[in-house]
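Data first, discussion second: the structure below is written as structure tokens.
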Amino acid sequence: MRLGSMAEENCQTFVSDYHVRAAVELINHTWDPVVLSALRRGPTRRNELLPRIAGISDKVLTQALRRLRSRGLVTRARDAEGAQGAAVYRLTPLGESFANGPLAQLARWAADHQAELVEPSTTS
């Protein structure tokens, strides 16, 4: 094998690994994918997200929304029809493509393999 082709092969491996790591980084916090999935229903106020997401605290939801906003997956805007000062969160086009694409596929995969994930095989 030529040195040049070996370097190119390693570069390809690095680039593909980088993309996977970048995508996984978007959901590396426990609640971020859950919040993204909850926002798939459409623009929502934070106080409406709380009961929609079982087990999340107000503080953790606020942190998740900040993280998702900083990554460009969620936007925050004033609610024109709601209470004064109320904010509405919605998925950005990037957030929609992620939540309705790979994240939705991951959720379907998890649902299809729920029994195996709950009770992993003991054969190795």
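Following the order of the structure tokens, chains are lettered A, B, ..., residues in each are numbered from 1, and ligands are numbered from 1.
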
Close residues, A:Gly72 itself excluded, 10 Å, only C-alpha atoms, min 5 positions apart in chain, as a VMD selection string:
chain A and resid 66 to 67 91 to 95

Export, as a PDB file, in the first residue's frame, the selected residues with N, CA, C and O atoms.
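Result went into selection.pdb, see below:
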```pdb
ATOM      1  N   ARG A  66     -31.737  26.058  26.394  1.00  0.00           N
ATOM      2  CA  ARG A  66     -30.577  26.937  26.135  1.00  0.00           C
ATOM      3  C   ARG A  66     -29.539  26.228  25.267  1.00  0.00           C
ATOM      4  O   ARG A  66     -28.995  26.819  24.342  1.00  0.00           O
ATOM      5  N   ARG A  67     -29.245  24.967  25.599  1.00  0.00           N
ATOM      6  CA  ARG A  67     -28.274  24.210  24.810  1.00  0.00           C
ATOM      7  C   ARG A  67     -28.746  24.063  23.369  1.00  0.00           C
ATOM      8  O   ARG A  67     -27.983  24.270  22.422  1.00  0.00           O
ATOM      9  N   LEU A  91     -38.764  24.449  16.678  1.00  0.00           N
ATOM     10  CA  LEU A  91     -37.612  23.905  15.984  1.00  0.00           C
ATOM     11  C   LEU A  91     -37.226  24.814  14.826  1.00  0.00           C
ATOM     12  O   LEU A  91     -38.096  25.343  14.136  1.00  0.00           O
ATOM     13  N   THR A  92     -35.941  24.994  14.620  1.00  0.00           N
ATOM     14  CA  THR A  92     -35.449  25.688  13.434  1.00  0.00           C
ATOM     15  C   THR A  92     -35.521  24.695  12.271  1.00  0.00           C
ATOM     16  O   THR A  92     -35.765  23.497  12.480  1.00  0.00           O
ATOM     17  N   PRO A  93     -35.300  25.155  11.054  1.00  0.00           N
ATOM     18  CA  PRO A  93     -35.247  24.184   9.944  1.00  0.00           C
ATOM     19  C   PRO A  93     -34.201  23.081  10.192  1.00  0.00           C
ATOM     20  O   PRO A  93     -34.464  21.913   9.901  1.00  0.00           O
ATOM     21  N   LEU A  94     -33.054  23.438  10.761  1.00  0.00           N
ATOM     22  CA  LEU A  94     -32.051  22.434  11.102  1.00  0.00           C
ATOM     23  C   LEU A  94     -32.592  21.485  12.171  1.00  0.00           C
ATOM     24  O   LEU A  94     -32.428  20.270  12.070  1.00  0.00           O
ATOM     25  N   GLY A  95     -33.256  22.029  13.176  1.00  0.00           N
ATOM     26  CA  GLY A  95     -33.845  21.212  14.229  1.00  0.00           C
ATOM     27  C   GLY A  95     -34.925  20.290  13.697  1.00  0.00           C
ATOM     28  O   GLY A  95     -35.023  19.121  14.103  1.00  0.00           O
TER      29      GLY A  95
END
```

Can you pull out the residues contacting A:Phe98? Cut-off 12 Å, using only C-alpha atoms, and skip same-chain residues under 3 positions away; I want them as a PyMOL selection string.
chain A and resi 23-24+26-27+32-33+36-37+39-40+68+71-74+91-95+101-106

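Between A:Gly55 and the candidates A:Thr30, A:Pro43, A:Ala111, A:Ala87, the tightest atom-to-atom separation, counting only C-alpha atoms, involves A:Thr30.
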
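The coordinates place atom CA of A:Val118 at 27.3 Å from atom CA of A:Arg41.
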
Write out as a list in words which residues come within 12 Å of A:Lys59 when counting only C-alpha atoms, dropping same-chain ones fewer than 5 positions away.
Trp31, Arg46, Asn47, Leu50, Ala64, Leu65 and Arg66 of chain A

For atom CA of A:Arg90 and atom CA of A:Ala77, determine how far apart the two atoms are, in Å to one decimal place.
8.4 Å

Looking at A:Arg76, A:His113, A:Val35, A:Thr44, which one is nearest to A:Val60, with distances taken over only C-alpha atoms?
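Using only C-alpha atoms, the shortest distance to A:Val60 belongs to A:Val35.
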
What is the atom CA of A:His29-atom CA of A:Gly42 distance in Å, reported with one decimal?
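Those two atoms sit 21.7 Å apart.
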
Write out as a ChimeraX atom specification all residues of stretch 15-124 of chain A that backbone DSSP assigns to strand (DSSP E or B).
/A:44-45,74-78,87-91

Mind checking DSSP for stretch 71-114 of chain A and telling me the alpha helix (DSSP H) residues as a PyMOL selection string?
chain A and resi 93-100+102-112+114

Can you pull out every residue within 8 Å of A:Arg45, counting only C-alpha atoms, but drop anything in the same chain fewer than 5 positions away, and send it as a VMD selection string?
chain A and resid 86 to 89

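Closest approach to A:Pro51 among A:Arg108, A:Glu25, A:Ala38, A:Ser97 is made by A:Ala38 (distances from only C-alpha atoms).
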